[in-house]
Amino acid sequence: MTFEQMLQRVRYEGAYPTRARAEETLRAVLAAFGRQLTGDERVELAARLPHEAAVTFTSEIPTTDPLTGWGFVKDLASRTGGTPATTRWDTGTVLRAVAQLAGEDLLTRILAQLPSGYALLFGRAELTQAA
């Protein structure tokens with residue numbers, strides 16, 4: 001997938017009115033997600049992304065204390081000035097495209113590394129054990 005194809009997918013699935021709005025969303029979510037992921041999974045995901053997306057994804061230094069999925073959405077909303085609801089939509093739209101590029105195996109390893117709440121952002125069910 002090229003960057004342009006990824007951008008078109010995000011624009012279509014997110015129902016963004018302009019290419020510029022879709023690109024702004026794509027870059028904001030990728031940069032924020034780049035702060036959450038470390039290690040081999042970060043390197044492997046960057047290698048699977050289109051070049052422009054990989055540059056944005058790796059432009060931020062990873063945090064030592066990753067946020068939960070909901071914390072990620074709230075943090076991104078505060079950084080972009082969006083509401084939690086619209087930011088949740090934006091995040092899910094972009095991360096579903098990322099999931100397609102990552103593939104099942106890598107996505108499973110990424111989700112195992114992150115705190116709870118990310119599976120739904122990638123369009124997967126998040127199953128938990130009963131207490």
# chains A, B, ... in the order shown; residues from 1 in each chain; ligands from 1
>>> residues_around(residues="region 76-88 of chain A", least_positions_apart="2", cutoff="10 Å", atoms="only C-alpha atoms", output="list in words")
Glu24, Thr25, Ala28, Val29, Ala31, Ala32, Phe33, Gly69, Trp70, Gly71, Phe72, Val73, Lys74, Asp90, Thr91, Gly92, Thr93 and Leu121 of chain A
>>> residues_around(residues="Phe122 (chain A)", least_positions_apart="3", cutoff="9 Å", atoms="only C-alpha atoms", output="ChimeraX atom specification")
/A:91-99,107,118-119,125
>>> closest_residue(among="A:Glu126, A:Glu13, A:Glu41, A:Glu4", to="Asp105 (chain A)", atoms="only C-alpha atoms")
A:Glu41
>>> select_by_dssp(residues="region 11-62 of chain A", states="helix (DSSP H, G or I)", output="VMD selection string")
chain A and resid 11 to 14 19 to 34 39 to 48 51 to 57
>>> residues_around(residues="region 55-63 of chain A", least_positions_apart="4", cutoff="7 Å", atoms="only C-alpha atoms", output="list of chain:residue names")
A:Arg27, A:Leu30, A:Ala31, A:Phe33, A:Gly34, A:Arg35, A:Gln36, A:Leu37, A:Thr38, A:Ala46, A:His51
>>> closest_residue(among="A:Gln5, A:Thr18, A:Thr108, A:Ser116", to="Leu49 (chain A)", atoms="only C-alpha atoms")
A:Gln5
>>> atom_distance(atom1="CA of Leu120 (chain A)", atom2="CA of Pro50 (chain A)")
23.2 Å
>>> residues_around(residues="Arg21 (chain A)", least_positions_apart="5", cutoff="12 Å", atoms="only C-alpha atoms", output="ChimeraX atom specification")
/A:7-8,10-12,14-16,26-28,90
>>> closest_residue(among="A:Glu44, A:Asp75, A:Glu23, A:Asp65", to="Gly103 (chain A)", atoms="only C-alpha atoms")
A:Glu44
>>> atom_distance(atom1="CA of Arg124 (chain A)", atom2="CA of Glu104 (chain A)")
10.6 Å
